[in-house]
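Structure file data.cif; described as mmCIF, N, CA and C atoms.
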data_data
#
loop_
_atom_site.label_atom_id
_atom_site.label_comp_id
_atom_site.auth_asym_id
_atom_site.auth_seq_id
_atom_site.Cartn_x
_atom_site.Cartn_y
_atom_site.Cartn_z
N MET A 71 0.82 -1.18 0.00
CA MET A 71 0.00 0.00 0.00
C MET A 71 0.87 1.25 0.00
N LYS A 72 1.94 1.25 0.83
CA LYS A 72 2.84 2.39 0.87
C LYS A 72 3.50 2.61 -0.48
N THR A 73 3.83 1.53 -1.15
CA THR A 73 4.46 1.61 -2.46
C THR A 73 3.50 2.23 -3.47
N LEU A 74 2.23 1.90 -3.40
CA LEU A 74 1.23 2.44 -4.30
C LEU A 74 1.08 3.95 -4.09
N VAL A 75 1.01 4.39 -2.84
CA VAL A 75 0.89 5.81 -2.51
C VAL A 75 2.11 6.57 -3.02
N LYS A 76 3.31 6.01 -2.80
CA LYS A 76 4.54 6.65 -3.26
C LYS A 76 4.57 6.74 -4.78
N THR A 77 4.11 5.72 -5.44
CA THR A 77 4.09 5.70 -6.91
C THR A 77 3.13 6.76 -7.44
N ILE A 78 1.95 6.86 -6.83
CA ILE A 78 0.97 7.86 -7.26
C ILE A 78 1.51 9.26 -7.01
N ALA A 79 2.11 9.48 -5.83
CA ALA A 79 2.68 10.78 -5.50
C ALA A 79 3.79 11.14 -6.48
N ALA A 80 4.64 10.20 -6.80
CA ALA A 80 5.73 10.44 -7.75
C ALA A 80 5.18 10.77 -9.13
N ALA A 81 4.13 10.07 -9.52
CA ALA A 81 3.51 10.32 -10.83
C ALA A 81 2.91 11.73 -10.88
N LEU A 82 2.23 12.14 -9.81
CA LEU A 82 1.65 13.48 -9.77
C LEU A 82 2.72 14.56 -9.83
N ILE A 83 3.81 14.36 -9.11
CA ILE A 83 4.91 15.32 -9.13
C ILE A 83 5.51 15.39 -10.53
N ALA A 84 5.70 14.24 -11.16
CA ALA A 84 6.27 14.21 -12.51
C ALA A 84 5.36 14.92 -13.50
N ILE A 85 4.05 14.69 -13.39
CA ILE A 85 3.10 15.33 -14.31
C ILE A 85 3.09 16.84 -14.12
N SER A 86 3.05 17.29 -12.87
CA SER A 86 3.02 18.74 -12.63
C SER A 86 4.33 19.39 -13.06
N THR A 87 5.45 18.72 -12.87
CA THR A 87 6.74 19.25 -13.30
C THR A 87 6.77 19.38 -14.81
N CYS A 88 6.29 18.37 -15.51
CA CYS A 88 6.25 18.41 -16.98
C CYS A 88 5.34 19.53 -17.46
N ALA A 89 4.22 19.71 -16.79
CA ALA A 89 3.28 20.75 -17.19
C ALA A 89 3.90 22.14 -17.01
N MET A 90 4.61 22.34 -15.90
CA MET A 90 5.27 23.62 -15.68
C MET A 90 6.39 23.84 -16.68
N ALA A 91 7.13 22.80 -17.00
CA ALA A 91 8.22 22.92 -17.98
C ALA A 91 7.67 23.22 -19.37
N ALA A 92 6.51 22.69 -19.70
CA ALA A 92 5.91 22.93 -21.01
C ALA A 92 5.52 24.40 -21.16
N GLU A 93 5.15 25.05 -20.07
CA GLU A 93 4.82 26.46 -20.13
C GLU A 93 6.03 27.30 -20.46
N GLY A 94 7.20 26.84 -20.06
CA GLY A 94 8.43 27.57 -20.35
C GLY A 94 8.69 28.65 -19.33
N PRO A 95 9.94 29.10 -19.28
CA PRO A 95 10.28 30.13 -18.30
C PRO A 95 9.65 31.46 -18.67
N GLY A 96 9.09 32.11 -17.70
CA GLY A 96 8.53 33.44 -17.90
C GLY A 96 7.24 33.48 -18.68
N SER A 97 6.63 32.36 -18.94
CA SER A 97 5.43 32.37 -19.77
C SER A 97 4.26 33.07 -19.09
N LYS A 98 4.22 33.06 -17.78
CA LYS A 98 3.13 33.74 -17.10
C LYS A 98 3.20 35.25 -17.26
N SER A 99 4.40 35.78 -17.44
CA SER A 99 4.53 37.22 -17.61
C SER A 99 4.73 37.61 -19.07
N ALA A 100 4.63 36.64 -19.97
CA ALA A 100 4.80 36.93 -21.39
C ALA A 100 3.67 37.83 -21.87
N LYS A 101 4.00 38.69 -22.82
CA LYS A 101 3.03 39.62 -23.34
C LYS A 101 2.05 38.89 -24.25
N THR A 102 0.80 39.27 -24.15
CA THR A 102 -0.23 38.70 -25.00
C THR A 102 -0.39 39.61 -26.21
N ASN A 103 -0.32 39.03 -27.39
CA ASN A 103 -0.54 39.81 -28.60
C ASN A 103 -2.02 39.94 -28.86
N VAL A 104 -2.45 41.15 -29.13
CA VAL A 104 -3.84 41.46 -29.41
C VAL A 104 -3.94 41.84 -30.88
N ASN A 105 -5.01 41.45 -31.53
CA ASN A 105 -5.21 41.78 -32.94
C ASN A 105 -5.55 43.27 -33.08
N LEU A 106 -4.59 44.03 -33.56
CA LEU A 106 -4.78 45.47 -33.80
C LEU A 106 -4.60 45.77 -35.29
N SER A 107 -5.02 44.84 -36.13
CA SER A 107 -4.78 44.96 -37.57
C SER A 107 -5.69 45.96 -38.25
N THR A 108 -6.75 46.39 -37.58
CA THR A 108 -7.62 47.43 -38.15
C THR A 108 -7.83 48.53 -37.11
N ALA A 109 -8.21 49.69 -37.58
CA ALA A 109 -8.49 50.80 -36.68
C ALA A 109 -9.66 50.47 -35.76
N ASP A 110 -10.66 49.76 -36.29
CA ASP A 110 -11.82 49.39 -35.48
C ASP A 110 -11.43 48.44 -34.35
N PHE A 111 -10.55 47.46 -34.65
CA PHE A 111 -10.07 46.56 -33.59
C PHE A 111 -9.32 47.34 -32.51
N ALA A 112 -8.50 48.30 -32.94
CA ALA A 112 -7.72 49.10 -31.98
C ALA A 112 -8.65 49.94 -31.12
N LEU A 113 -9.68 50.53 -31.72
CA LEU A 113 -10.64 51.32 -30.95
C LEU A 113 -11.39 50.44 -29.95
N GLU A 114 -11.82 49.29 -30.40
CA GLU A 114 -12.53 48.35 -29.53
C GLU A 114 -11.65 47.93 -28.34
N HIS A 115 -10.38 47.65 -28.63
CA HIS A 115 -9.47 47.25 -27.55
C HIS A 115 -9.20 48.42 -26.61
N TYR A 116 -9.05 49.61 -27.15
CA TYR A 116 -8.83 50.80 -26.32
C TYR A 116 -9.99 50.97 -25.33
N VAL A 117 -11.21 50.84 -25.81
CA VAL A 117 -12.38 50.98 -24.94
C VAL A 117 -12.36 49.89 -23.87
N ALA A 118 -12.02 48.66 -24.24
CA ALA A 118 -11.95 47.57 -23.26
C ALA A 118 -10.89 47.84 -22.20
N VAL A 119 -9.75 48.37 -22.62
CA VAL A 119 -8.67 48.68 -21.67
C VAL A 119 -9.11 49.79 -20.72
N MET A 120 -9.75 50.82 -21.26
CA MET A 120 -10.12 51.98 -20.45
C MET A 120 -11.32 51.73 -19.53
N THR A 121 -12.26 50.88 -19.96
CA THR A 121 -13.50 50.75 -19.21
C THR A 121 -13.72 49.40 -18.54
N GLU A 122 -13.05 48.35 -19.04
CA GLU A 122 -13.31 47.01 -18.52
C GLU A 122 -12.11 46.41 -17.79
N GLY A 123 -11.04 47.18 -17.63
CA GLY A 123 -9.88 46.68 -16.92
C GLY A 123 -9.10 45.63 -17.70
N GLU A 124 -9.26 45.61 -19.01
CA GLU A 124 -8.51 44.66 -19.85
C GLU A 124 -7.04 45.05 -19.79
N SER A 125 -6.18 44.07 -19.48
CA SER A 125 -4.75 44.39 -19.38
C SER A 125 -3.91 43.71 -20.46
N ALA A 126 -4.49 42.77 -21.17
CA ALA A 126 -3.74 42.10 -22.24
C ALA A 126 -3.45 43.08 -23.36
N GLY A 127 -2.21 43.11 -23.80
CA GLY A 127 -1.83 43.94 -24.94
C GLY A 127 -1.78 45.42 -24.68
N VAL A 128 -1.71 45.85 -23.42
CA VAL A 128 -1.69 47.28 -23.12
C VAL A 128 -0.46 47.95 -23.74
N GLU A 129 0.71 47.33 -23.59
CA GLU A 129 1.93 47.92 -24.16
C GLU A 129 1.84 47.98 -25.68
N GLN A 130 1.23 46.97 -26.26
CA GLN A 130 1.10 46.88 -27.71
C GLN A 130 0.17 47.97 -28.25
N LEU A 131 -0.80 48.39 -27.48
CA LEU A 131 -1.83 49.33 -27.92
C LEU A 131 -1.31 50.75 -28.10
N PHE A 132 -0.36 51.17 -27.28
CA PHE A 132 0.09 52.55 -27.28
C PHE A 132 1.39 52.73 -28.06
N ALA A 133 1.43 53.74 -28.93
CA ALA A 133 2.62 54.06 -29.69
C ALA A 133 3.72 54.52 -28.74
N GLU A 134 4.95 54.37 -29.17
CA GLU A 134 6.10 54.76 -28.33
C GLU A 134 6.06 56.25 -27.97
N ASP A 135 5.57 57.09 -28.88
CA ASP A 135 5.54 58.53 -28.61
C ASP A 135 4.18 59.00 -28.08
N PHE A 136 3.37 58.06 -27.59
CA PHE A 136 2.04 58.39 -27.06
C PHE A 136 2.14 59.41 -25.94
N ASN A 137 1.17 60.32 -25.92
CA ASN A 137 1.00 61.18 -24.76
C ASN A 137 -0.48 61.45 -24.55
N GLN A 138 -0.80 61.75 -23.32
CA GLN A 138 -2.18 62.00 -22.93
C GLN A 138 -2.24 63.37 -22.27
N LYS A 139 -3.21 64.14 -22.68
CA LYS A 139 -3.44 65.44 -22.05
C LYS A 139 -4.80 65.40 -21.38
N VAL A 140 -4.87 65.89 -20.15
CA VAL A 140 -6.11 65.92 -19.39
C VAL A 140 -6.46 67.38 -19.16
N GLN A 141 -7.59 67.79 -19.75
CA GLN A 141 -8.05 69.17 -19.67
C GLN A 141 -8.85 69.37 -18.38
N THR A 142 -8.23 70.00 -17.41
CA THR A 142 -8.90 70.37 -16.17
C THR A 142 -8.50 71.81 -15.89
N ALA A 143 -8.72 72.28 -14.67
CA ALA A 143 -8.30 73.63 -14.33
C ALA A 143 -6.80 73.80 -14.59
N ASN A 144 -6.03 72.75 -14.32
CA ASN A 144 -4.60 72.74 -14.62
C ASN A 144 -4.37 71.64 -15.65
N LEU A 145 -3.85 72.01 -16.81
CA LEU A 145 -3.59 71.02 -17.85
C LEU A 145 -2.57 70.02 -17.34
N LYS A 146 -2.90 68.75 -17.45
CA LYS A 146 -1.99 67.70 -17.02
C LYS A 146 -1.62 66.87 -18.23
N SER A 147 -0.36 66.47 -18.27
CA SER A 147 0.13 65.64 -19.37
C SER A 147 0.71 64.36 -18.80
N ASN A 148 0.38 63.22 -19.43
CA ASN A 148 0.88 61.93 -18.98
C ASN A 148 1.64 61.26 -20.11
N SER A 149 2.76 60.66 -19.77
CA SER A 149 3.56 59.94 -20.76
C SER A 149 3.00 58.55 -20.98
N ARG A 150 3.51 57.87 -21.98
CA ARG A 150 3.11 56.50 -22.29
C ARG A 150 3.32 55.60 -21.08
N SER A 151 4.51 55.68 -20.48
CA SER A 151 4.83 54.78 -19.36
C SER A 151 3.91 55.03 -18.17
N GLU A 152 3.54 56.29 -17.91
CA GLU A 152 2.63 56.60 -16.80
C GLU A 152 1.24 56.01 -17.05
N VAL A 153 0.76 56.14 -18.27
CA VAL A 153 -0.57 55.64 -18.61
C VAL A 153 -0.60 54.11 -18.56
N VAL A 154 0.40 53.46 -19.15
CA VAL A 154 0.46 52.00 -19.15
C VAL A 154 0.52 51.47 -17.73
N LYS A 155 1.35 52.07 -16.90
CA LYS A 155 1.49 51.65 -15.50
C LYS A 155 0.15 51.79 -14.76
N SER A 156 -0.52 52.91 -14.97
CA SER A 156 -1.81 53.14 -14.33
C SER A 156 -2.87 52.13 -14.79
N LEU A 157 -2.90 51.85 -16.09
CA LEU A 157 -3.88 50.90 -16.62
C LEU A 157 -3.62 49.49 -16.13
N LYS A 158 -2.37 49.12 -15.97
CA LYS A 158 -2.05 47.78 -15.45
C LYS A 158 -2.54 47.63 -14.01
N LYS A 159 -2.49 48.71 -13.25
CA LYS A 159 -2.97 48.67 -11.86
C LYS A 159 -4.48 48.48 -11.81
N GLN A 160 -5.18 48.90 -12.87
CA GLN A 160 -6.64 48.82 -12.91
C GLN A 160 -7.14 47.50 -13.50
N LYS A 161 -6.24 46.54 -13.65
CA LYS A 161 -6.58 45.25 -14.24
C LYS A 161 -7.84 44.67 -13.59
N GLY A 162 -8.83 44.35 -14.42
CA GLY A 162 -10.05 43.72 -13.94
C GLY A 162 -11.10 44.66 -13.39
N GLU A 163 -10.78 45.94 -13.24
CA GLU A 163 -11.75 46.90 -12.70
C GLU A 163 -12.63 47.43 -13.83
N LYS A 164 -13.92 47.23 -13.69
CA LYS A 164 -14.88 47.70 -14.69
C LYS A 164 -15.51 48.99 -14.21
N LEU A 165 -15.55 49.97 -15.10
CA LEU A 165 -16.15 51.25 -14.77
C LEU A 165 -17.66 51.17 -14.91
N ASN A 166 -18.36 51.83 -14.00
CA ASN A 166 -19.82 51.87 -14.03
C ASN A 166 -20.25 53.08 -14.85
N CYS A 167 -20.26 52.91 -16.16
CA CYS A 167 -20.60 54.01 -17.05
C CYS A 167 -21.15 53.46 -18.36
N THR A 168 -21.79 54.33 -19.11
CA THR A 168 -22.19 53.96 -20.46
C THR A 168 -21.16 54.53 -21.43
N VAL A 169 -20.87 53.78 -22.47
CA VAL A 169 -19.82 54.16 -23.41
C VAL A 169 -20.42 54.42 -24.78
N ASN A 170 -19.99 55.50 -25.40
CA ASN A 170 -20.40 55.81 -26.76
C ASN A 170 -19.14 56.15 -27.55
N THR A 171 -18.99 55.55 -28.72
CA THR A 171 -17.84 55.86 -29.56
C THR A 171 -18.31 56.42 -30.89
N ASP A 172 -17.63 57.44 -31.36
CA ASP A 172 -17.90 58.05 -32.66
C ASP A 172 -16.59 58.21 -33.40
N VAL A 173 -16.52 57.70 -34.62
CA VAL A 173 -15.35 57.93 -35.46
C VAL A 173 -15.56 59.28 -36.13
N LEU A 174 -14.67 60.22 -35.86
CA LEU A 174 -14.80 61.57 -36.39
C LEU A 174 -14.15 61.72 -37.75
N GLU A 175 -13.04 61.02 -37.93
CA GLU A 175 -12.33 61.07 -39.20
C GLU A 175 -11.49 59.81 -39.34
N GLU A 176 -11.40 59.30 -40.57
CA GLU A 176 -10.63 58.08 -40.79
C GLU A 176 -10.03 58.10 -42.18
N SER A 177 -8.78 57.65 -42.25
CA SER A 177 -8.12 57.48 -43.55
C SER A 177 -7.40 56.13 -43.51
N ALA A 178 -6.57 55.88 -44.51
CA ALA A 178 -5.85 54.61 -44.57
C ALA A 178 -4.80 54.49 -43.47
N ASP A 179 -4.32 55.62 -42.92
CA ASP A 179 -3.22 55.59 -41.96
C ASP A 179 -3.52 56.19 -40.60
N TYR A 180 -4.68 56.81 -40.42
CA TYR A 180 -5.01 57.36 -39.11
C TYR A 180 -6.52 57.40 -38.91
N MET A 181 -6.91 57.49 -37.65
CA MET A 181 -8.32 57.64 -37.29
C MET A 181 -8.41 58.49 -36.04
N VAL A 182 -9.41 59.36 -36.00
CA VAL A 182 -9.70 60.14 -34.80
C VAL A 182 -11.09 59.73 -34.33
N ALA A 183 -11.17 59.36 -33.06
CA ALA A 183 -12.45 58.92 -32.49
C ALA A 183 -12.73 59.67 -31.20
N ARG A 184 -14.01 59.82 -30.92
CA ARG A 184 -14.43 60.40 -29.64
C ARG A 184 -15.04 59.26 -28.83
N VAL A 185 -14.50 59.06 -27.64
CA VAL A 185 -15.02 58.05 -26.72
C VAL A 185 -15.63 58.80 -25.54
N THR A 186 -16.93 58.63 -25.35
CA THR A 186 -17.63 59.34 -24.28
C THR A 186 -18.03 58.33 -23.21
N LEU A 187 -17.60 58.59 -22.00
CA LEU A 187 -17.95 57.75 -20.84
C LEU A 187 -18.88 58.57 -19.96
N LYS A 188 -20.13 58.12 -19.88
CA LYS A 188 -21.12 58.84 -19.08
C LYS A 188 -21.31 58.12 -17.75
N PHE A 189 -20.88 58.80 -16.69
CA PHE A 189 -21.03 58.30 -15.33
C PHE A 189 -22.27 58.95 -14.73
N GLU A 190 -22.61 58.57 -13.51
CA GLU A 190 -23.80 59.11 -12.87
C GLU A 190 -23.71 60.63 -12.68
N ASP A 191 -22.53 61.13 -12.26
CA ASP A 191 -22.40 62.55 -11.92
C ASP A 191 -21.58 63.38 -12.90
N PHE A 192 -20.95 62.75 -13.86
CA PHE A 192 -20.13 63.52 -14.81
C PHE A 192 -19.93 62.72 -16.09
N THR A 193 -19.37 63.40 -17.08
CA THR A 193 -19.08 62.77 -18.37
C THR A 193 -17.62 63.03 -18.71
N LYS A 194 -16.94 61.99 -19.15
CA LYS A 194 -15.56 62.10 -19.61
C LYS A 194 -15.57 61.92 -21.12
N THR A 195 -14.98 62.87 -21.83
CA THR A 195 -14.85 62.76 -23.27
C THR A 195 -13.38 62.61 -23.60
N ASP A 196 -13.08 61.64 -24.42
CA ASP A 196 -11.70 61.31 -24.78
C ASP A 196 -11.58 61.35 -26.31
N LEU A 197 -10.82 62.30 -26.82
CA LEU A 197 -10.52 62.34 -28.24
C LEU A 197 -9.24 61.54 -28.44
N VAL A 198 -9.33 60.48 -29.25
CA VAL A 198 -8.23 59.54 -29.38
C VAL A 198 -7.77 59.50 -30.84
N THR A 199 -6.47 59.62 -31.04
CA THR A 199 -5.90 59.51 -32.38
C THR A 199 -5.19 58.17 -32.49
N PHE A 200 -5.56 57.42 -33.52
CA PHE A 200 -4.94 56.13 -33.84
C PHE A 200 -4.13 56.29 -35.11
N VAL A 201 -2.97 55.66 -35.15
CA VAL A 201 -2.13 55.69 -36.35
C VAL A 201 -1.72 54.27 -36.71
N ARG A 202 -1.53 54.07 -38.01
CA ARG A 202 -1.05 52.77 -38.46
C ARG A 202 0.47 52.76 -38.34
N GLU A 203 0.99 51.75 -37.64
CA GLU A 203 2.43 51.54 -37.52
C GLU A 203 2.71 50.13 -38.02
N GLY A 204 3.21 50.03 -39.24
CA GLY A 204 3.43 48.71 -39.84
C GLY A 204 2.09 48.05 -40.09
N ASN A 205 1.89 46.87 -39.51
CA ASN A 205 0.63 46.14 -39.69
C ASN A 205 -0.37 46.38 -38.56
N ASP A 206 0.01 47.15 -37.56
CA ASP A 206 -0.86 47.37 -36.40
C ASP A 206 -1.29 48.83 -36.30
N TRP A 207 -2.41 49.02 -35.63
CA TRP A 207 -2.91 50.35 -35.30
C TRP A 207 -2.60 50.60 -33.83
N LYS A 208 -2.16 51.82 -33.54
CA LYS A 208 -1.78 52.16 -32.16
C LYS A 208 -2.38 53.52 -31.79
N VAL A 209 -2.55 53.72 -30.49
CA VAL A 209 -3.02 55.01 -29.99
C VAL A 209 -1.81 55.92 -29.89
N SER A 210 -1.88 57.07 -30.56
CA SER A 210 -0.75 58.00 -30.51
C SER A 210 -1.01 59.20 -29.63
N LYS A 211 -2.28 59.54 -29.43
CA LYS A 211 -2.59 60.72 -28.62
C LYS A 211 -3.98 60.57 -28.03
N SER A 212 -4.14 61.11 -26.84
CA SER A 212 -5.44 61.10 -26.17
C SER A 212 -5.60 62.43 -25.44
N ILE A 213 -6.76 63.06 -25.64
CA ILE A 213 -7.07 64.31 -24.94
C ILE A 213 -8.37 64.09 -24.19
N ASN A 214 -8.32 64.24 -22.86
CA ASN A 214 -9.48 64.00 -22.00
C ASN A 214 -10.05 65.31 -21.50
N SER A 215 -11.37 65.39 -21.46
CA SER A 215 -12.03 66.52 -20.80
C SER A 215 -13.20 65.99 -19.99
N TYR A 216 -13.59 66.76 -18.99
CA TYR A 216 -14.65 66.34 -18.06
C TYR A 216 -15.71 67.40 -17.99
N LYS A 217 -16.98 66.97 -17.88
CA LYS A 217 -18.12 67.89 -17.69
C LYS A 217 -18.92 67.43 -16.50
#

So that I can check it, write out the structure of this file as structure tokens.
Amino acid sequence: MKTLVKTIAAALIAISTCAMAAEGPGSKSAKTNVNLSTADFALEHYVAVMTEGESAGVEQLFAEDFNQKVQTANLKSNSRSEVVKSLKKQKGEKLNCTVNTDVLEESADYMVARVTLKFEDFTKTDLVTFVREGNDWKVSKSINSYK
């Protein structure tokens, strides 16, 4: 009986070790590629990141020269790294708001969209510029205002 228990335990350890080895080193922190092959896909993913706490592909979504301006009493500017870091902290947090998106202008290489988030007590409007970089669309600029 002891031999049977030891054999089963050894088999379970071997299986779990093989399963972990199959994942490879660092696979849990590996970046997830998101399909950003069209401007519409990029806009859809941007809304998911901003409102639903989606964290997959956050680095992929924003262009290297991305910046965000927040129009309040004091104009605030956020860099790409600040925005990405903040969004990663919000992983899984869903905002209690209604979302409306309007494409204001679109061409083969860029798109400007207005994303309106209506909360109970205020409305956030986000003008977002998307640009084509190679085969992917990325967010290059965001301007936020509040009412």

Note to self: Translate the PyMOL selection byres ((chain A and resi 202-217) around 5) into a concrete residue list for this structure, as a PyMOL selection string.
What the structure shows: chain A and resi 106-107+131-133+136-141+179-180+192-201

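If only C-alpha atoms are the atoms counted, then among A:Thr108, A:Val185, A:Leu174, A:His115 the closest residue to Val128 of chain A is A:His115.
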
**the PyMOL selection byres ((chain A and resi 190) around 8) applied to the shown file, residues as a list of chain:residue names** = A:Asn166, A:Cys167, A:Thr168, A:Leu187, A:Lys188, A:Phe189, A:Asp191, A:Phe192, A:Thr193

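Going from atom N of Glu122 of chain A to atom CA of Ala178 of chain A covers 27.3 Å.
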
Subject >> Contact residues around Met120 of chain A with all atoms listed in the file at 8 Å, ignoring same-chain residues under 6 positions, as a list of chain:residue names >> reply: A:Glu114, A:Leu157, A:Glu163, A:Lys164, A:Leu165

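For segment 104-208 of chain A, backbone-based DSSP assignment of helix (DSSP H, G or I) covers Ala109, Asp110, Phe111, Ala112, Leu113, Glu114, His115, Tyr116, Val117, Ala118, Val119, Met120, Thr121, Glu122, Val128, Glu129, Gln130, Leu131, Arg150, Ser151, Glu152, Val153, Val154, Lys155, Ser156, Leu157, Lys158 and Lys159 of chain A.
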
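For the pair atom C of Gly127 of chain A and atom N of Asn170 of chain A, the interatomic distance is 20.8 Å.
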
Using all atoms listed in the file, the best pick from A:Gln160, A:Thr171, A:Thr186, A:Ser177 as closest to Val119 of chain A would be A:Gln160

Taken to one decimal, the atom C of Asp135 of chain A-atom C of Ser149 of chain A distance is 7.2 Å

Using only C-alpha atoms, the shortest atom-to-atom distance to Lys158 of chain A among A:Val173, A:Ala118, A:Ala183, A:Ala126 belongs to A:Ala126
